[in-house]
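Below is my_file-v4.txt, which holds compact mmCIF, C-alpha atoms.
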# COMPACT_ATOMS: atom_id res chain seq x y z
CA MET A 1 59.53 -11.18 -59.75
CA PRO A 2 55.79 -11.81 -60.35
CA LEU A 3 55.35 -8.03 -60.55
CA LEU A 4 58.22 -7.66 -63.02
CA GLY A 5 56.86 -10.18 -65.54
CA GLU A 6 59.25 -13.06 -64.82
CA PRO A 7 57.91 -15.99 -66.93
CA GLY A 8 58.29 -18.63 -64.21
CA HIS A 9 55.72 -16.78 -62.10
CA LYS A 10 53.05 -16.49 -64.81
CA GLU A 11 50.80 -19.18 -63.29
CA LEU A 12 51.06 -17.53 -59.86
CA VAL A 13 49.78 -14.25 -61.30
CA THR A 14 46.98 -16.01 -63.21
CA THR A 15 45.89 -18.04 -60.18
CA LEU A 16 45.72 -15.02 -57.86
CA LYS A 17 43.53 -13.24 -60.41
CA ILE A 18 41.27 -16.31 -60.64
CA ILE A 19 40.89 -16.35 -56.86
CA ARG A 20 40.04 -12.65 -56.86
CA GLY A 21 37.22 -13.42 -59.30
CA GLN A 22 35.80 -16.13 -57.03
CA ILE A 23 35.44 -14.04 -53.87
CA LYS A 24 33.57 -10.90 -52.93
CA LYS A 25 35.72 -7.78 -52.68
CA PRO A 26 36.79 -7.65 -49.03
CA SER A 27 36.19 -4.77 -46.64
CA ALA A 28 39.63 -5.32 -45.11
CA ILE A 29 42.56 -7.72 -45.52
CA LEU A 30 44.64 -9.46 -42.87
CA VAL A 31 47.91 -10.99 -44.13
CA ILE A 32 49.95 -13.52 -42.19
CA SER A 33 53.33 -13.16 -43.88
CA ALA A 34 56.13 -15.71 -43.96
CA HIS A 35 58.51 -12.74 -43.96
CA TRP A 36 57.81 -11.46 -40.46
CA GLU A 37 58.72 -13.31 -37.27
CA GLU A 38 58.61 -11.98 -33.71
CA SER A 39 58.96 -13.47 -30.23
CA GLN A 40 55.21 -12.87 -29.82
CA ALA A 41 52.36 -12.53 -32.30
CA THR A 42 52.65 -8.93 -33.47
CA ILE A 43 50.17 -6.84 -35.44
CA THR A 44 50.79 -3.78 -37.60
CA GLY A 45 48.84 -0.91 -36.09
CA GLY A 46 49.59 2.18 -38.14
CA MET A 47 46.99 4.21 -40.02
CA SER A 48 49.27 4.07 -43.05
CA SER A 49 52.30 1.95 -43.87
CA SER A 50 55.40 2.33 -45.97
CA LEU A 51 56.73 -0.68 -47.87
CA LEU A 52 59.60 -2.84 -46.70
CA TYR A 53 61.73 -3.93 -49.65
CA ASP A 54 62.88 -6.91 -47.62
CA TYR A 55 64.97 -8.53 -50.35
CA SER A 56 68.25 -7.93 -52.12
CA GLY A 57 69.87 -8.57 -55.47
CA PHE A 58 66.82 -7.77 -57.60
CA PRO A 59 66.48 -5.29 -60.49
CA GLU A 60 66.06 -1.62 -59.60
CA GLN A 61 62.35 -1.76 -60.47
CA ALA A 62 61.80 -4.10 -57.52
CA TYR A 63 62.65 -1.21 -55.18
CA GLN A 64 60.28 1.23 -56.88
CA ILE A 65 57.08 -0.78 -56.36
CA LYS A 66 54.29 1.19 -54.69
CA TYR A 67 51.26 -0.11 -52.81
CA PRO A 68 49.70 2.77 -50.83
CA ALA A 69 47.03 0.78 -48.96
CA ALA A 70 45.86 2.21 -45.64
CA GLY A 71 46.19 0.40 -42.36
CA SER A 72 43.26 -0.30 -40.04
CA PRO A 73 43.96 0.44 -36.36
CA THR A 74 40.41 -0.64 -35.50
CA LEU A 75 40.99 -4.09 -37.00
CA SER A 76 44.42 -4.25 -35.36
CA ASP A 77 42.86 -3.57 -31.96
CA ASP A 78 40.21 -6.23 -32.56
CA ILE A 79 42.87 -8.82 -33.49
CA TYR A 80 44.86 -7.85 -30.38
CA SER A 81 41.80 -8.34 -28.17
CA LYS A 82 40.88 -11.70 -29.70
CA LEU A 83 44.40 -13.08 -29.28
CA ARG A 84 44.63 -11.86 -25.70
CA GLU A 85 41.24 -13.41 -24.89
CA LYS A 86 42.69 -16.79 -25.91
CA GLY A 87 45.76 -16.30 -23.76
CA ILE A 88 48.08 -15.57 -26.68
CA THR A 89 50.86 -13.10 -25.90
CA THR A 90 50.67 -10.35 -28.49
CA GLY A 91 51.68 -6.79 -29.31
CA ILE A 92 51.05 -4.00 -31.80
CA ASP A 93 53.76 -2.33 -33.90
CA THR A 94 52.59 1.06 -35.17
CA GLN A 95 55.80 1.74 -37.12
CA ARG A 96 56.39 -1.37 -39.23
CA GLY A 97 55.66 -1.19 -42.94
CA PHE A 98 54.15 -3.83 -45.22
CA ASP A 99 56.60 -6.47 -46.45
CA HIS A 100 56.54 -8.23 -49.82
CA GLY A 101 54.44 -11.04 -48.39
CA LEU A 102 51.65 -8.49 -48.48
CA PHE A 103 52.32 -6.14 -51.36
CA VAL A 104 53.27 -8.72 -53.99
CA PRO A 105 50.04 -10.78 -53.93
CA LEU A 106 47.82 -7.76 -53.23
CA LYS A 107 49.27 -5.68 -56.06
CA ILE A 108 48.22 -8.55 -58.34
CA MET A 109 44.80 -9.16 -56.77
CA TYR A 110 43.81 -5.62 -55.77
CA PRO A 111 46.10 -3.19 -57.63
CA GLU A 112 43.84 -0.27 -56.70
CA ALA A 113 45.23 -0.48 -53.12
CA ASP A 114 41.86 0.75 -51.85
CA ILE A 115 41.32 -1.90 -49.14
CA PRO A 116 42.68 -1.38 -45.59
CA CYS A 117 45.37 -3.92 -44.70
CA VAL A 118 46.86 -5.32 -41.51
CA GLN A 119 49.75 -7.77 -41.10
CA LEU A 120 50.18 -10.39 -38.39
CA SER A 121 53.59 -11.88 -37.70
CA LEU A 122 54.54 -15.48 -37.19
CA VAL A 123 55.90 -16.43 -33.79
CA ASN A 124 59.58 -17.24 -34.16
CA ASP A 125 59.48 -20.57 -32.32
CA LEU A 126 57.66 -21.80 -35.47
CA ASP A 127 55.43 -24.16 -33.46
CA PRO A 128 52.79 -25.52 -35.88
CA LYS A 129 50.22 -26.20 -33.16
CA ALA A 130 50.56 -22.67 -31.81
CA HIS A 131 49.96 -21.23 -35.28
CA ILE A 132 46.78 -23.26 -35.69
CA LYS A 133 45.68 -21.79 -32.35
CA LEU A 134 46.42 -18.31 -33.71
CA GLY A 135 43.92 -19.03 -36.45
CA GLU A 136 41.36 -20.34 -33.98
CA ALA A 137 41.60 -17.06 -32.06
CA LEU A 138 41.06 -15.07 -35.27
CA ALA A 139 37.82 -16.92 -36.01
CA GLY A 140 35.92 -14.59 -33.69
CA LEU A 141 36.82 -11.35 -35.49
CA ALA A 142 33.85 -9.06 -35.97
CA GLN A 143 35.03 -7.46 -39.22
CA GLU A 144 32.45 -8.28 -41.88
CA ASN A 145 33.78 -9.65 -45.16
CA LEU A 146 37.36 -9.85 -43.93
CA LEU A 147 39.83 -11.60 -46.24
CA ILE A 148 42.58 -13.48 -44.41
CA ILE A 149 45.59 -14.41 -46.53
CA GLY A 150 48.31 -16.83 -45.50
CA SER A 151 51.16 -15.52 -47.62
CA GLY A 152 53.83 -18.19 -47.91
CA PHE A 153 54.68 -20.97 -50.34
CA SER A 154 53.85 -24.67 -50.42
CA PHE A 155 57.40 -25.35 -51.71
CA HIS A 156 60.27 -23.28 -50.36
CA ASN A 157 63.66 -24.90 -50.89
CA MET A 158 65.51 -21.93 -52.37
CA ALA A 159 68.57 -23.94 -53.37
CA ALA A 160 66.38 -26.37 -55.33
CA PHE A 161 65.03 -23.56 -57.50
CA PHE A 162 68.50 -22.98 -58.89
CA GLN A 163 69.56 -26.60 -59.30
CA GLY A 164 68.72 -28.72 -62.31
CA ASP A 165 65.58 -30.77 -61.77
CA ASN A 166 65.81 -34.55 -61.91
CA LEU A 167 63.48 -37.48 -61.31
CA GLN A 168 64.38 -37.65 -57.63
CA SER A 169 63.83 -33.97 -56.87
CA LYS A 170 60.63 -33.97 -58.90
CA ALA A 171 59.33 -36.98 -56.96
CA LYS A 172 60.11 -35.27 -53.64
CA ASN A 173 58.32 -32.10 -54.68
CA GLU A 174 55.28 -33.97 -55.96
CA SER A 175 54.99 -36.35 -53.00
CA PHE A 176 54.83 -33.50 -50.49
CA GLU A 177 52.33 -31.62 -52.67
CA ALA A 178 50.10 -34.70 -52.84
CA TRP A 179 50.24 -35.03 -49.05
CA LEU A 180 49.45 -31.35 -48.51
CA ILE A 181 46.54 -31.36 -50.95
CA GLU A 182 45.05 -34.43 -49.30
CA THR A 183 45.57 -32.95 -45.85
CA CYS A 184 43.85 -29.67 -46.65
CA SER A 185 41.08 -30.89 -48.93
CA SER A 186 40.08 -34.45 -48.05
CA LYS A 187 36.61 -34.72 -46.54
CA LEU A 188 37.49 -38.24 -45.37
CA LEU A 189 39.74 -36.83 -42.65
CA SER A 190 38.29 -35.81 -39.31
CA GLU A 191 39.35 -32.39 -38.06
CA LYS A 192 41.36 -34.11 -35.33
CA GLU A 193 43.23 -36.06 -38.02
CA ARG A 194 43.70 -32.97 -40.19
CA SER A 195 45.05 -30.97 -37.26
CA GLN A 196 47.40 -33.80 -36.28
CA ARG A 197 48.76 -34.03 -39.80
CA LEU A 198 49.42 -30.29 -39.95
CA GLU A 199 50.96 -30.27 -36.47
CA GLN A 200 53.26 -33.13 -37.54
CA TRP A 201 53.82 -31.83 -41.05
CA ASP A 202 57.55 -32.63 -40.87
CA LYS A 203 56.69 -36.34 -40.95
CA ALA A 204 55.10 -35.93 -44.39
CA PRO A 205 56.94 -37.34 -47.45
CA SER A 206 59.99 -35.19 -48.30
CA ALA A 207 58.81 -32.51 -45.87
CA ARG A 208 62.26 -31.17 -45.06
CA TYR A 209 63.32 -31.19 -48.69
CA CYS A 210 60.38 -28.95 -49.57
CA HIS A 211 60.70 -26.87 -46.39
CA PRO A 212 64.22 -26.87 -44.90
CA ARG A 213 62.75 -24.19 -42.62
CA GLU A 214 58.99 -24.00 -42.12
CA GLU A 215 58.27 -20.27 -42.06
CA HIS A 216 56.73 -20.39 -45.55
CA LEU A 217 54.34 -23.20 -44.61
CA LEU A 218 53.01 -21.90 -41.28
CA PRO A 219 50.75 -19.14 -42.69
CA LEU A 220 48.67 -22.07 -44.00
CA HIS A 221 48.32 -23.41 -40.45
CA VAL A 222 46.90 -20.08 -39.32
CA CYS A 223 44.37 -20.05 -42.15
CA TYR A 224 43.29 -23.60 -41.38
CA GLY A 225 42.86 -22.69 -37.73
CA VAL A 226 40.30 -20.03 -38.61
CA THR A 227 37.86 -22.53 -40.13
CA LYS A 228 38.92 -25.99 -38.87
CA GLN A 229 37.49 -27.73 -41.93
CA SER A 230 38.55 -28.97 -45.34
CA CYS A 231 39.21 -26.23 -47.86
CA ASP A 232 36.65 -25.30 -50.51
CA ALA A 233 39.09 -25.22 -53.42
CA VAL A 234 42.64 -26.26 -54.32
CA PHE A 235 44.64 -24.52 -57.04
CA GLU A 236 47.58 -26.49 -58.44
CA LEU A 237 50.22 -24.60 -60.37
CA THR A 238 53.89 -24.51 -61.34
CA ILE A 239 56.17 -21.76 -60.02
CA LEU A 240 59.77 -21.55 -61.21
CA GLY A 241 59.48 -25.12 -62.43
CA LYS A 242 58.21 -26.52 -59.10
CA LYS A 243 54.77 -27.86 -58.28
CA ALA A 244 52.92 -25.63 -55.84
CA SER A 245 49.42 -25.22 -54.49
CA MET A 246 47.06 -22.62 -53.07
CA TYR A 247 44.02 -23.22 -50.85
CA LEU A 248 40.76 -21.31 -50.50
CA TRP A 249 38.43 -21.54 -47.49
Spit out the file's structure as structure tokens when you get a sec.
Amino acid sequence: MPLLGEPGHKELVTTLKIIRGQIKKPSAILVISAHWEESQATITGGMSSSLLYDYSGFPEQAYQIKYPAAGSPTLSDDIYSKLREKGITTGIDTQRGFDHGLFVPLKIMYPEADIPCVQLSLVNDLDPKAHIKLGEALAGLAQENLLIIGSGFSFHNMAAFFQGDNLQSKAKNESFEAWLIETCSSKLLSEKERSQRLEQWDKAPSARYCHPREEHLLPLHVCYGVTKQSCDAVFELTILGKKASMYLW
């Protein structure tokens, strides 16, 4: 819907363009997508990738989107090696295409599709600590000027998007957002404390209201694991009437 001009996604589009303006154009992009889960961490490994229209019930234009970015087998092999070095079971899928967790944000940020891209799956046990460790393993990648994107959503209760908002639902949304912003950005937290909070995210205020299932939150854990420090910037926005946030390291 952001690519089709849906008004409730206007701030998402604007924010992604702002972030593009604040960073150097990357030499390659690694996307951890909320829309891909495997029994082990799995990496796309093809030289080129088709698109997976992994959604249903949208207008016909949503199935005509193109994003002809190349893959990067060299980067895929490097990711594979780094994960294996840390004892993380992993594999490479040379056939899988790019899902909308990749092509939606990148078509907004880099519509030229001239940057090689690789996707990394979540692990389907959805263990938050294990996903932080995934990020820690990625910290040693040799690719210069690599952009790593955790493509998820800080609020992902799909039923709530289609229900009328009220004071209670608004308070739940905002309380979790406040917790997440503090967790990711506060310089008063030690990294041990920050890691513990993210590992025990489901104890945060209204955590399970905002994330009945955590697959849209865990890409953030991977990104945090790469740097193990407070983020450099927080972007607060409204998407489909709900408070949301993005984080830049």
Best match for closeness to A:Ser185 among A:Gln229, A:Asn145, A:Ser39, A:Ser245, counting only C-alpha atoms: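 Nearest candidate to A:Ser185 out of A:Gln229, A:Asn145, A:Ser39, A:Ser245: A:Gln229.
Compared by their closest atoms to A:His156, and using all atoms listed in the file, the residues A:Arg96, A:Lys242, A:His211, A:Lys24 rank with A:His211 nearest.
Of the residues listed (A:Lys187, A:His9, A:Lys86, A:Lys107), A:Lys187 shows the shortest atom-to-atom separation from A:Ala233; distances use all atoms listed in the file.
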Pairwise distance for atom CA of A:Trp249 and atom CA of A:Tyr224, rounded to one decimal in Å: 8.1 Å
Gap from atom CA of A:Thr227 to atom CA of A:Glu193 - Å, one decimal: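 Going from atom CA of A:Thr227 over to atom CA of A:Glu193 covers 14.7 Å.
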Nearest to A:Ser169, chosen from A:Gly241, A:Gly45, A:Gly87, A:Pro59, with all atoms listed in the file counted in the distances: A:Gly241
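Going from atom CA of A:Lys172 over to atom CA of A:Ser190, you cover 26.1 Å.
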A:Ile32, A:Leu217, A:Leu237, A:Ala139 ranked by distance to A:Val13, top pick (using only C-alpha atoms):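 With only C-alpha atoms as the atom set, the closest residue is A:Leu237.
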Protein and nucleic acid residues near (46.5, -22.1, -35.1) (cut-off 12 Å, all atoms listed in the file) as number ranges by chain: A: 32, 41, 83, 86, 88, 122-123, 126-139, 150, 195-196, 198-199, 218-228
Shell around A:Ala178 at 10 Å using all atoms listed in the file, local window under 5 positions removed, as a list in words: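 Near neighbours after the sequence-gap exclusion: Asn173, Thr183, Ala204, Pro205, Lys243, Ala244 and Ser245 of chain A.
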With C-alpha atoms retained, write the just-selected residues as a compact mmCIF listing (two decimals), keeping the file's coordinate frame.
# COMPACT_ATOMS: atom_id res chain seq x y z
CA ASN A 173 58.32 -32.10 -54.68
CA THR A 183 45.57 -32.95 -45.85
CA ALA A 204 55.10 -35.93 -44.39
CA PRO A 205 56.94 -37.34 -47.45
CA LYS A 243 54.77 -27.86 -58.28
CA ALA A 244 52.92 -25.63 -55.84
CA SER A 245 49.42 -25.22 -54.49
Neighbour list for A:Leu120 as a PyMOL selection string, cut-off 8 Å, all atoms listed in the file, skip fewer than 5 positions in-chain: chain A and resi 30-33+36+41-44
Distance query A:Glu11 at most 10 Å, all atoms listed in the file, self and fewer than 2 positions along chain excluded, as a VMD selection string: chain A and resid 2 7 to 9 13 to 17 236 to 240
Give me the residues near A:Gly97 as a PDB file with C-alpha atoms, keeping the file's coordinate frame, where near means some atom within 7 Å (using all atoms listed in the file) and where sequence neighbours in that chain fewer than 5 positions away do not count.
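Listing of result26.pdb after writing:
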ATOM      1  CA  SER A  49      52.300   1.950 -43.870  1.00  0.00           C
ATOM      2  CA  SER A  50      55.400   2.330 -45.970  1.00  0.00           C
ATOM      3  CA  LEU A  51      56.730  -0.680 -47.870  1.00  0.00           C
ATOM      4  CA  LEU A  52      59.600  -2.840 -46.700  1.00  0.00           C
TER       5      LEU A  52
END
Distance query A:Leu146 at most 8 Å, all atoms listed in the file, self and fewer than 4 positions along chain excluded, as a PyMOL selection string: chain A and resi 26-30
Nearest to A:Ile23, chosen from A:Leu147, A:Leu167, A:Met158, A:Val234, with only C-alpha atoms counted in the distances: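 Between A:Leu147, A:Leu167, A:Met158, A:Val234, the residue approaching A:Ile23 most closely is A:Leu147.
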Take every atom of stretch 231-238 of chain A listed in the file, pad by 5 Å on each side, and give me the axis-aligned box centre and edge lengths in Å, one decimal, as AutoDock Vina command-line options.
--center_x 45.3 --center_y -25.5 --center_z -54.6 --size_x 27.2 --size_y 12.0 --size_z 23.5
